[in-house]
Structure formats: C-alpha cells, structure tokens
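A.B. asks: Sharing a structure below in structure tokens format, with a few things to ask.
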Amino acid sequence: MRKPTRHLLRRSELATPASNEHMCEVAARAGADLVFLDLEDACAPAAKESARTTAIAALTQLDWGNTIRAIRINGLDTKWCYGDIVEVVTAARDALDVIIVPKVLTAREVWWVDVLLTQLEEQLGLAHPIALEALIEEAEGLLNAQEIARSSPRLEAIIFGAGDLSASLRSRVDGNFQPVGDYPGDYWHAVRLQVLAAARAAGVAAIDAPYPGYQDEDGYRRAATHASLLGFDGKWAIHPEQVPVANRVFTPTADELAEARAIVADYRSAEADGIGAMGRDGKLVDAALMRHAANVLRRADPSNDEWAITAVKASHE
C-alpha cells in the first residue's frame, strides 16, 4: 500500500530520465528522499511515449525502499500530458506517489490535473490520492505562486525552477543559472523568497532549484546551504552524487537538535512556574524562539508530532 507523503522528508529530489532503464535503477539506490522519473525535458520527443513504459516498469518492479516515487509529466500545453497521466497512473497504480507538474502558470492548471486524478483514482480504486508538486519556472507562474501553492489539497510542494525561469525572464546567466557579469548580491534571492513565502503561507514544502554543475560538489553545497538558511526544505539533484550532500545540508546537526530540545524543556519549565520568558545562556527565550526550535525539530522529522505540538503552543502564546 502506498504511503502518505505529506509529512515525509524532501531534502533531496533526484531527477532521472524516465527513458533510461539503467539510470532508473541507479536512482532507486541513490538514497534520495524523492526520485522523479522525468518524462519531460530529459526525454527526446521521439522517446516520450515509450518512456512511459520504462517508467512504469521502474516504479512497479524496482525496490525503492523509503524513497517517494514520482514522475514529471509533460506540460499541459503539450500532446503528451494527458497520456502521461492516464497511462502511468493506470499501470503503476499504488506504486506512484507524486506527480510533478511543470511550467505551472495558474492555479487552474493544477486543478485540471487534480480533477483528472480524482476520476482515475475512483475508476481504479486506488487506496490513497496521488500527491502533486508544482514547478514555478515561468514569469507568469512566479507572479501566481501564492495561488498555485493553495490550488489543491493534493499539492505538497512547490519547486523553484531556475533554468526555465531564467529563460522566461530573459536573464543573462551561465550554465548554473548565475549572472554572466558582475551583479550586486544574490541574483535569485527575491525569487527564492517569493517561492518560499508562497509555500509557507500555504503549508506546503519548498524545494530549491537544480545545480547543473554536478561535478562541482562545493558549489552545490554552497547553493544548498544558502537555500537551507533561507528556509527551504530541500533541493533538486540532477546526479546521484548530489543526493548525500543535500541530505546532509537539510538535516539538523546533533547539536542543533539538542539545543532545540533544551530550549523547549527550559521554556516549558519556566512556563509551569508562571514565567512567559526567560534568560538562557545570555539570550532571551520566549514564544518566538520556541517557534524556531519547532522548525529544527520539524526539519529532523516532519512526521513526528513533537515539532507540531511545540509550534502550535508557541503560536498561541
């Protein structure tokens, strides 16, 4: 039976061509939190339909362990989109956890996929609804990110897609989607913050963009760290070697977890004595800091009620 995915980690989302059987096998063993078999950009037009068969076999026959199994369909404006959804869902059934919708422009596009899935699930008698993730990678989609993030109860994450977005914005960038000339500050900061705020307001995960330089581990680590510090839940990986880097960066350290739990314990102890704020190691501990502690606990294990209970209590104080 397929597992619910809303409260699972999404530190690493690994892309792999759906048309390549060997790469699908490698991806299943990569240790990524989510792997999506790509029917869109990674498949040539002549291979898109046959790639569905390869993807179905990979989803249903490989051992994925705890990895979330996903596909990225072709865009709604293409002739392949409908077939991607109907054929893969019908054949893979409960072996498919998530569908990633590319180049989303409006909330209505997510709604269309939702309605089609609802009909398929009823017809096939699937045990759980298939989740959705939406790629924000067009100028119009960026402007509508807030509505897209709230578009469907199936939607569990929005993804910042720097490649197509830079093309949509006509940005002058290099192969890693960074400005080709001197630019004051982080070129993508405002966009990342917009995507992140839309995700947080809607209560869904935020996934950072891919880093095409897969042999540049330090560069990928820096990009992942910047996204993590801002608040993103995870990062796209285009190569299996990027997966362990993302998993480490987006996992709290033992010291961070110990500090978060100590803050919660000290605050609750003071609260029991009627104290609403206290000093700890020369710093003020109040309800706001409790929310930060809850975020650390959530990053460690989104399925654990510990962080949720702490966050709810803190938000009402």
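Convention: chains lettered A, B, ... in structure tokens order; per-chain residue numbering from 1; ligands numbered from 1 as shown.
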Taking only C-alpha atoms into account, produce a table as a Markdown table in which each residue of range 40-149 of chain A with an atom at most 8 Å from an atom of range 157-177 of chain A appears once, together with its shortest atom pair and the distance in Å to one decimal, ordered by chain and rising number.
C.D. replies:
| residue | atom | partner | partner_atom | distance |
| --- | --- | --- | --- | --- |
| A:Leu132 | CA | A:Ala157 | CA | 7.3 |
| A:Glu133 | CA | A:Ala157 | CA | 4.8 |
| A:Ala134 | CA | A:Ile158 | CA | 4.8 |
| A:Leu135 | CA | A:Ile159 | CA | 4.7 |
| A:Ile136 | CA | A:Phe160 | CA | 5.2 |
| A:Glu137 | CA | A:Leu165 | CA | 4.2 |
| A:Glu138 | CA | A:Leu165 | CA | 4.8 |
| A:Ala139 | CA | A:Ser168 | CA | 5.9 |
| A:Ala149 | CA | A:Ile158 | CA | 6.6 |
A.B. asks: Dump all heavy atoms for the selected residues as a PDB file, in the first residue's frame?
C.D. replies:
ATOM      1  N   LEU A 132       0.671  15.964  -5.541  1.00  0.00           N
ATOM      2  CA  LEU A 132       1.196  16.798  -6.616  1.00  0.00           C
ATOM      3  C   LEU A 132       2.292  17.718  -6.097  1.00  0.00           C
ATOM      4  O   LEU A 132       2.297  18.104  -4.930  1.00  0.00           O
ATOM      5  CB  LEU A 132       0.079  17.661  -7.221  1.00  0.00           C
ATOM      6  CG  LEU A 132      -1.072  16.945  -7.923  1.00  0.00           C
ATOM      7  CD1 LEU A 132      -2.136  17.949  -8.334  1.00  0.00           C
ATOM      8  CD2 LEU A 132      -0.569  16.162  -9.132  1.00  0.00           C
ATOM      9  N   GLU A 133       3.220  18.041  -6.986  1.00  0.00           N
ATOM     10  CA  GLU A 133       4.171  19.125  -6.770  1.00  0.00           C
ATOM     11  C   GLU A 133       4.134  19.998  -8.019  1.00  0.00           C
ATOM     12  O   GLU A 133       3.916  19.496  -9.123  1.00  0.00           O
ATOM     13  CB  GLU A 133       5.587  18.597  -6.511  1.00  0.00           C
ATOM     14  CG  GLU A 133       5.684  17.756  -5.246  1.00  0.00           C
ATOM     15  CD  GLU A 133       7.116  17.376  -4.901  1.00  0.00           C
ATOM     16  OE1 GLU A 133       8.040  17.805  -5.632  1.00  0.00           O
ATOM     17  OE2 GLU A 133       7.317  16.663  -3.909  1.00  0.00           O
ATOM     18  N   ALA A 134       4.341  21.291  -7.854  1.00  0.00           N
ATOM     19  CA  ALA A 134       4.248  22.223  -8.972  1.00  0.00           C
ATOM     20  C   ALA A 134       5.559  22.967  -9.143  1.00  0.00           C
ATOM     21  O   ALA A 134       6.138  23.464  -8.174  1.00  0.00           O
ATOM     22  CB  ALA A 134       3.111  23.215  -8.742  1.00  0.00           C
ATOM     23  N   LEU A 135       6.012  23.047 -10.388  1.00  0.00           N
ATOM     24  CA  LEU A 135       7.231  23.782 -10.710  1.00  0.00           C
ATOM     25  C   LEU A 135       6.901  25.235 -11.033  1.00  0.00           C
ATOM     26  O   LEU A 135       6.089  25.523 -11.916  1.00  0.00           O
ATOM     27  CB  LEU A 135       7.933  23.142 -11.896  1.00  0.00           C
ATOM     28  CG  LEU A 135       9.013  22.112 -11.550  1.00  0.00           C
ATOM     29  CD1 LEU A 135       9.285  21.184 -12.722  1.00  0.00           C
ATOM     30  CD2 LEU A 135      10.297  22.829 -11.149  1.00  0.00           C
ATOM     31  N   ILE A 136       7.543  26.142 -10.307  1.00  0.00           N
ATOM     32  CA  ILE A 136       7.437  27.572 -10.585  1.00  0.00           C
ATOM     33  C   ILE A 136       8.638  27.936 -11.444  1.00  0.00           C
ATOM     34  O   ILE A 136       9.759  28.121 -10.960  1.00  0.00           O
ATOM     35  CB  ILE A 136       7.428  28.396  -9.277  1.00  0.00           C
ATOM     36  CG1 ILE A 136       6.339  27.892  -8.326  1.00  0.00           C
ATOM     37  CG2 ILE A 136       7.261  29.878  -9.585  1.00  0.00           C
ATOM     38  CD1 ILE A 136       4.937  27.999  -8.856  1.00  0.00           C
ATOM     39  N   GLU A 137       8.424  28.021 -12.755  1.00  0.00           N
ATOM     40  CA  GLU A 137       9.555  28.212 -13.674  1.00  0.00           C
ATOM     41  C   GLU A 137       9.200  29.077 -14.887  1.00  0.00           C
ATOM     42  O   GLU A 137       9.883  29.017 -15.911  1.00  0.00           O
ATOM     43  CB  GLU A 137      10.104  26.858 -14.124  1.00  0.00           C
ATOM     44  CG  GLU A 137       9.060  25.893 -14.677  1.00  0.00           C
ATOM     45  CD  GLU A 137       9.642  24.541 -15.038  1.00  0.00           C
ATOM     46  OE1 GLU A 137      10.881  24.413 -15.155  1.00  0.00           O
ATOM     47  OE2 GLU A 137       8.851  23.605 -15.212  1.00  0.00           O
ATOM     48  N   GLU A 138       8.141  29.849 -14.748  1.00  0.00           N
ATOM     49  CA  GLU A 138       7.769  30.819 -15.766  1.00  0.00           C
ATOM     50  C   GLU A 138       7.413  32.127 -15.068  1.00  0.00           C
ATOM     51  O   GLU A 138       6.969  32.127 -13.910  1.00  0.00           O
ATOM     52  CB  GLU A 138       6.569  30.327 -16.586  1.00  0.00           C
ATOM     53  CG  GLU A 138       6.827  29.071 -17.403  1.00  0.00           C
ATOM     54  CD  GLU A 138       7.734  29.319 -18.592  1.00  0.00           C
ATOM     55  OE1 GLU A 138       7.804  30.480 -19.060  1.00  0.00           O
ATOM     56  OE2 GLU A 138       8.383  28.359 -19.058  1.00  0.00           O
ATOM     57  N   ALA A 139       7.581  33.244 -15.761  1.00  0.00           N
ATOM     58  CA  ALA A 139       7.294  34.543 -15.160  1.00  0.00           C
ATOM     59  C   ALA A 139       5.859  34.616 -14.656  1.00  0.00           C
ATOM     60  O   ALA A 139       5.595  35.096 -13.539  1.00  0.00           O
ATOM     61  CB  ALA A 139       7.559  35.659 -16.179  1.00  0.00           C
ATOM     62  N   ALA A 149       0.261  27.666  -4.951  1.00  0.00           N
ATOM     63  CA  ALA A 149       0.579  26.910  -3.739  1.00  0.00           C
ATOM     64  C   ALA A 149      -0.671  26.498  -2.972  1.00  0.00           C
ATOM     65  O   ALA A 149      -0.651  25.516  -2.222  1.00  0.00           O
ATOM     66  CB  ALA A 149       1.498  27.724  -2.837  1.00  0.00           C
TER      67      ALA A 149
END
A.B. asks: Can you list, as a PyMOL selection string, every protein, DNA or RNA residue that comes within 8 Å of His239 in chain A when you count only C-alpha atoms, leaving out same-chain residues fewer than 3 positions away?
C.D. replies: chain A and resi 14-16+214+242-243
A.B. asks: Report as a list of chain:residue names all protein, DNA and RNA residues lying within 7 Å of Glu40 in chain A, evaluated on only C-alpha atoms, omitting residues in the same chain fewer than 6 positions from it.
C.D. replies: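 My reading of the contact set: A:Arg72, A:Ile73, A:Asn74.
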A.B. asks: What does the structure give for the distance between CA of Gly181 in chain A and CA of Ile238 in chain A, in Å to one decimal?
C.D. replies: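 CA of Ile238 in chain A lies at a distance of 25.2 Å from CA of Gly181 in chain A.
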A.B. asks: From the set A:Val110, A:Leu155, A:Leu37, A:Leu59, which residue has the shortest atom-to-atom contact distance to Ala199 in chain A, counting only C-alpha atoms?
C.D. replies: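 Counting only C-alpha atoms, the residue closest to Ala199 in chain A is A:Leu155.
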A.B. asks: Which residues, written as a list in words, have at least one atom at most 12 Å from Ala46 in chain A, with only C-alpha atoms counted and residues fewer than 5 positions away on the same chain left out?
C.D. replies: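 Contacts, with the query itself left out: Ser19, Leu39, Glu40, Ala51 and Trp80 of chain A.
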A.B. asks: Kindly save the residues from that selection, with N, CA and C atoms included, as a PDB file, in the first residue's frame.
C.D. replies:
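Okay, this is what ended up in again-v6.pdb:
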ATOM      1  N   SER A  19      13.334   7.513 -19.636  1.00  0.00           N
ATOM      2  CA  SER A  19      13.602   6.644 -20.783  1.00  0.00           C
ATOM      3  C   SER A  19      14.817   5.745 -20.592  1.00  0.00           C
ATOM      4  N   LEU A  39       9.594  12.548 -17.634  1.00  0.00           N
ATOM      5  CA  LEU A  39       9.032  12.339 -18.968  1.00  0.00           C
ATOM      6  C   LEU A  39       9.102  13.608 -19.809  1.00  0.00           C
ATOM      7  N   GLU A  40       9.529  14.714 -19.192  1.00  0.00           N
ATOM      8  CA  GLU A  40       9.527  15.998 -19.886  1.00  0.00           C
ATOM      9  C   GLU A  40      10.884  16.301 -20.510  1.00  0.00           C
ATOM     10  N   ALA A  51       8.911   6.090 -23.141  1.00  0.00           N
ATOM     11  CA  ALA A  51       9.462   6.294 -21.801  1.00  0.00           C
ATOM     12  C   ALA A  51       8.438   5.980 -20.721  1.00  0.00           C
ATOM     13  N   TRP A  80       1.446  15.312 -25.017  1.00  0.00           N
ATOM     14  CA  TRP A  80       1.811  14.126 -24.238  1.00  0.00           C
ATOM     15  C   TRP A  80       1.238  14.129 -22.816  1.00  0.00           C
TER      16      TRP A  80
END
A.B. asks: Taking the backbone alone, and naming residues the way the document does, which bits of range 63-293 of chain A are strand (DSSP E) by DSSP, as a PDB file with N, CA, C and O atoms, in the first residue's frame?
C.D. replies:
ATOM      1  N   ILE A  68      10.256   8.343  -2.001  1.00  0.00           N
ATOM      2  CA  ILE A  68       8.998   8.739  -2.625  1.00  0.00           C
ATOM      3  C   ILE A  68       9.156   8.600  -4.136  1.00  0.00           C
ATOM      4  O   ILE A  68      10.105   9.112  -4.729  1.00  0.00           O
ATOM      5  N   ARG A  69       8.205   7.911  -4.765  1.00  0.00           N
ATOM      6  CA  ARG A  69       8.281   7.646  -6.209  1.00  0.00           C
ATOM      7  C   ARG A  69       7.413   8.648  -6.968  1.00  0.00           C
ATOM      8  O   ARG A  69       6.228   8.790  -6.687  1.00  0.00           O
ATOM      9  N   ALA A  70       8.024   9.321  -7.942  1.00  0.00           N
ATOM     10  CA  ALA A  70       7.317  10.383  -8.659  1.00  0.00           C
ATOM     11  C   ALA A  70       7.639  10.333 -10.143  1.00  0.00           C
ATOM     12  O   ALA A  70       8.620   9.706 -10.573  1.00  0.00           O
ATOM     13  N   ILE A  71       6.803  10.981 -10.917  1.00  0.00           N
ATOM     14  CA  ILE A  71       7.102  11.257 -12.321  1.00  0.00           C
ATOM     15  C   ILE A  71       6.917  12.753 -12.555  1.00  0.00           C
ATOM     16  O   ILE A  71       6.143  13.410 -11.860  1.00  0.00           O
ATOM     17  N   ARG A  72       7.675  13.288 -13.523  1.00  0.00           N
ATOM     18  CA  ARG A  72       7.372  14.633 -14.015  1.00  0.00           C
ATOM     19  C   ARG A  72       6.725  14.462 -15.376  1.00  0.00           C
ATOM     20  O   ARG A  72       7.321  13.877 -16.292  1.00  0.00           O
ATOM     21  N   VAL A  98       3.681  10.575  -6.365  1.00  0.00           N
ATOM     22  CA  VAL A  98       3.613  12.010  -6.651  1.00  0.00           C
ATOM     23  C   VAL A  98       3.721  12.245  -8.150  1.00  0.00           C
ATOM     24  O   VAL A  98       4.470  11.553  -8.847  1.00  0.00           O
ATOM     25  N   ILE A  99       2.984  13.231  -8.635  1.00  0.00           N
ATOM     26  CA  ILE A  99       3.154  13.736  -9.995  1.00  0.00           C
ATOM     27  C   ILE A  99       3.635  15.176  -9.905  1.00  0.00           C
ATOM     28  O   ILE A  99       3.047  15.995  -9.189  1.00  0.00           O
ATOM     29  N   ILE A 100       4.722  15.477 -10.603  1.00  0.00           N
ATOM     30  CA  ILE A 100       5.250  16.838 -10.662  1.00  0.00           C
ATOM     31  C   ILE A 100       4.753  17.492 -11.945  1.00  0.00           C
ATOM     32  O   ILE A 100       4.938  16.957 -13.043  1.00  0.00           O
ATOM     33  N   VAL A 101       4.114  18.631 -11.789  1.00  0.00           N
ATOM     34  CA  VAL A 101       3.540  19.361 -12.923  1.00  0.00           C
ATOM     35  C   VAL A 101       4.495  20.488 -13.298  1.00  0.00           C
ATOM     36  O   VAL A 101       4.764  21.372 -12.483  1.00  0.00           O
ATOM     37  N   ALA A 131      -0.284  12.528  -4.772  1.00  0.00           N
ATOM     38  CA  ALA A 131       0.061  13.909  -4.433  1.00  0.00           C
ATOM     39  C   ALA A 131       0.603  14.635  -5.660  1.00  0.00           C
ATOM     40  O   ALA A 131       0.983  14.022  -6.666  1.00  0.00           O
ATOM     41  N   LEU A 132       0.671  15.964  -5.541  1.00  0.00           N
ATOM     42  CA  LEU A 132       1.196  16.798  -6.616  1.00  0.00           C
ATOM     43  C   LEU A 132       2.292  17.718  -6.097  1.00  0.00           C
ATOM     44  O   LEU A 132       2.297  18.104  -4.930  1.00  0.00           O
ATOM     45  N   GLU A 133       3.220  18.041  -6.986  1.00  0.00           N
ATOM     46  CA  GLU A 133       4.171  19.125  -6.770  1.00  0.00           C
ATOM     47  C   GLU A 133       4.134  19.998  -8.019  1.00  0.00           C
ATOM     48  O   GLU A 133       3.916  19.496  -9.123  1.00  0.00           O
ATOM     49  N   ALA A 134       4.341  21.291  -7.854  1.00  0.00           N
ATOM     50  CA  ALA A 134       4.248  22.223  -8.972  1.00  0.00           C
ATOM     51  C   ALA A 134       5.559  22.967  -9.143  1.00  0.00           C
ATOM     52  O   ALA A 134       6.138  23.464  -8.174  1.00  0.00           O
ATOM     53  N   LEU A 135       6.012  23.047 -10.388  1.00  0.00           N
ATOM     54  CA  LEU A 135       7.231  23.782 -10.710  1.00  0.00           C
ATOM     55  C   LEU A 135       6.901  25.235 -11.033  1.00  0.00           C
ATOM     56  O   LEU A 135       6.089  25.523 -11.916  1.00  0.00           O
ATOM     57  N   ILE A 136       7.543  26.142 -10.307  1.00  0.00           N
ATOM     58  CA  ILE A 136       7.437  27.572 -10.585  1.00  0.00           C
ATOM     59  C   ILE A 136       8.638  27.936 -11.444  1.00  0.00           C
ATOM     60  O   ILE A 136       9.759  28.121 -10.960  1.00  0.00           O
ATOM     61  N   LEU A 155      -1.604  19.211  -3.403  1.00  0.00           N
ATOM     62  CA  LEU A 155      -0.305  19.841  -3.605  1.00  0.00           C
ATOM     63  C   LEU A 155       0.516  19.791  -2.327  1.00  0.00           C
ATOM     64  O   LEU A 155       0.084  20.281  -1.275  1.00  0.00           O
ATOM     65  N   GLU A 156       1.708  19.206  -2.399  1.00  0.00           N
ATOM     66  CA  GLU A 156       2.547  19.041  -1.223  1.00  0.00           C
ATOM     67  C   GLU A 156       3.847  19.836  -1.298  1.00  0.00           C
ATOM     68  O   GLU A 156       4.541  19.966  -0.292  1.00  0.00           O
ATOM     69  N   ALA A 157       4.180  20.377  -2.458  1.00  0.00           N
ATOM     70  CA  ALA A 157       5.414  21.161  -2.578  1.00  0.00           C
ATOM     71  C   ALA A 157       5.348  22.018  -3.827  1.00  0.00           C
ATOM     72  O   ALA A 157       4.688  21.668  -4.814  1.00  0.00           O
ATOM     73  N   ILE A 158       6.042  23.161  -3.769  1.00  0.00           N
ATOM     74  CA  ILE A 158       6.322  23.924  -4.975  1.00  0.00           C
ATOM     75  C   ILE A 158       7.837  23.987  -5.127  1.00  0.00           C
ATOM     76  O   ILE A 158       8.579  24.023  -4.149  1.00  0.00           O
ATOM     77  N   ILE A 159       8.277  23.959  -6.377  1.00  0.00           N
ATOM     78  CA  ILE A 159       9.697  23.853  -6.700  1.00  0.00           C
ATOM     79  C   ILE A 159      10.123  25.085  -7.493  1.00  0.00           C
ATOM     80  O   ILE A 159       9.462  25.473  -8.460  1.00  0.00           O
ATOM     81  N   PHE A 160      11.220  25.677  -7.071  1.00  0.00           N
ATOM     82  CA  PHE A 160      11.803  26.806  -7.794  1.00  0.00           C
ATOM     83  C   PHE A 160      12.622  26.249  -8.957  1.00  0.00           C
ATOM     84  O   PHE A 160      13.615  25.554  -8.753  1.00  0.00           O
ATOM     85  N   ALA A 205       5.698  22.208   1.189  1.00  0.00           N
ATOM     86  CA  ALA A 205       7.161  22.238   1.185  1.00  0.00           C
ATOM     87  C   ALA A 205       7.678  23.141   0.069  1.00  0.00           C
ATOM     88  O   ALA A 205       7.013  23.349  -0.952  1.00  0.00           O
ATOM     89  N   ALA A 206       8.892  23.666   0.272  1.00  0.00           N
ATOM     90  CA  ALA A 206       9.566  24.498  -0.726  1.00  0.00           C
ATOM     91  C   ALA A 206      10.871  23.810  -1.122  1.00  0.00           C
ATOM     92  O   ALA A 206      11.700  23.511  -0.257  1.00  0.00           O
ATOM     93  N   ILE A 207      11.041  23.554  -2.422  1.00  0.00           N
ATOM     94  CA  ILE A 207      12.218  22.845  -2.930  1.00  0.00           C
ATOM     95  C   ILE A 207      13.026  23.791  -3.807  1.00  0.00           C
ATOM     96  O   ILE A 207      12.487  24.448  -4.699  1.00  0.00           O
ATOM     97  N   ASP A 208      14.341  23.848  -3.557  1.00  0.00           N
ATOM     98  CA  ASP A 208      15.211  24.764  -4.294  1.00  0.00           C
ATOM     99  C   ASP A 208      15.601  24.191  -5.653  1.00  0.00           C
ATOM    100  O   ASP A 208      15.486  22.990  -5.920  1.00  0.00           O
ATOM    101  N   GLY A 234      14.365  21.426   0.929  1.00  0.00           N
ATOM    102  CA  GLY A 234      15.256  20.529   0.215  1.00  0.00           C
ATOM    103  C   GLY A 234      15.661  21.134  -1.111  1.00  0.00           C
ATOM    104  O   GLY A 234      15.319  22.286  -1.429  1.00  0.00           O
ATOM    105  N   LYS A 235      16.396  20.339  -1.886  1.00  0.00           N
ATOM    106  CA  LYS A 235      16.933  20.837  -3.154  1.00  0.00           C
ATOM    107  C   LYS A 235      16.862  19.755  -4.219  1.00  0.00           C
ATOM    108  O   LYS A 235      17.007  18.564  -3.930  1.00  0.00           O
ATOM    109  N   TRP A 236      16.653  20.193  -5.423  1.00  0.00           N
ATOM    110  CA  TRP A 236      16.681  19.326  -6.593  1.00  0.00           C
ATOM    111  C   TRP A 236      18.107  18.804  -6.780  1.00  0.00           C
ATOM    112  O   TRP A 236      19.086  19.521  -6.584  1.00  0.00           O
ATOM    113  N   ALA A 237      18.235  17.548  -7.180  1.00  0.00           N
ATOM    114  CA  ALA A 237      19.520  16.958  -7.538  1.00  0.00           C
ATOM    115  C   ALA A 237      19.409  16.424  -8.959  1.00  0.00           C
ATOM    116  O   ALA A 237      18.399  15.805  -9.306  1.00  0.00           O
ATOM    117  N   MET A 278      12.306  33.926  29.572  1.00  0.00           N
ATOM    118  CA  MET A 278      13.401  33.661  30.494  1.00  0.00           C
ATOM    119  C   MET A 278      14.726  33.899  29.789  1.00  0.00           C
ATOM    120  O   MET A 278      14.800  34.015  28.563  1.00  0.00           O
ATOM    121  N   GLY A 279      15.797  33.976  30.568  1.00  0.00           N
ATOM    122  CA  GLY A 279      17.132  34.084  30.010  1.00  0.00           C
ATOM    123  C   GLY A 279      17.794  32.725  29.984  1.00  0.00           C
ATOM    124  O   GLY A 279      17.642  31.918  30.912  1.00  0.00           O
ATOM    125  N   ARG A 280      18.526  32.467  28.907  1.00  0.00           N
ATOM    126  CA  ARG A 280      19.245  31.198  28.789  1.00  0.00           C
ATOM    127  C   ARG A 280      20.541  31.459  28.037  1.00  0.00           C
ATOM    128  O   ARG A 280      20.523  31.890  26.889  1.00  0.00           O
ATOM    129  N   LYS A 283      20.722  34.816  26.531  1.00  0.00           N
ATOM    130  CA  LYS A 283      19.790  35.161  25.463  1.00  0.00           C
ATOM    131  C   LYS A 283      18.365  34.990  25.953  1.00  0.00           C
ATOM    132  O   LYS A 283      18.074  34.124  26.793  1.00  0.00           O
ATOM    133  N   LEU A 284      17.481  35.802  25.401  1.00  0.00           N
ATOM    134  CA  LEU A 284      16.072  35.729  25.760  1.00  0.00           C
ATOM    135  C   LEU A 284      15.438  34.513  25.090  1.00  0.00           C
ATOM    136  O   LEU A 284      15.596  34.284  23.892  1.00  0.00           O
ATOM    137  N   VAL A 285      14.698  33.737  25.884  1.00  0.00           N
ATOM    138  CA  VAL A 285      13.920  32.622  25.360  1.00  0.00           C
ATOM    139  C   VAL A 285      12.452  32.957  25.579  1.00  0.00           C
ATOM    140  O   VAL A 285      11.996  33.093  26.709  1.00  0.00           O
TER     141      VAL A 285
END
A.B. asks: Ranking A:His7, A:Ala294, A:Phe250, A:Val245 by minimum distance to Val264 in chain A and counting only C-alpha atoms, which one comes first?
C.D. replies: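 Nearest to Val264 in chain A: A:Ala294.
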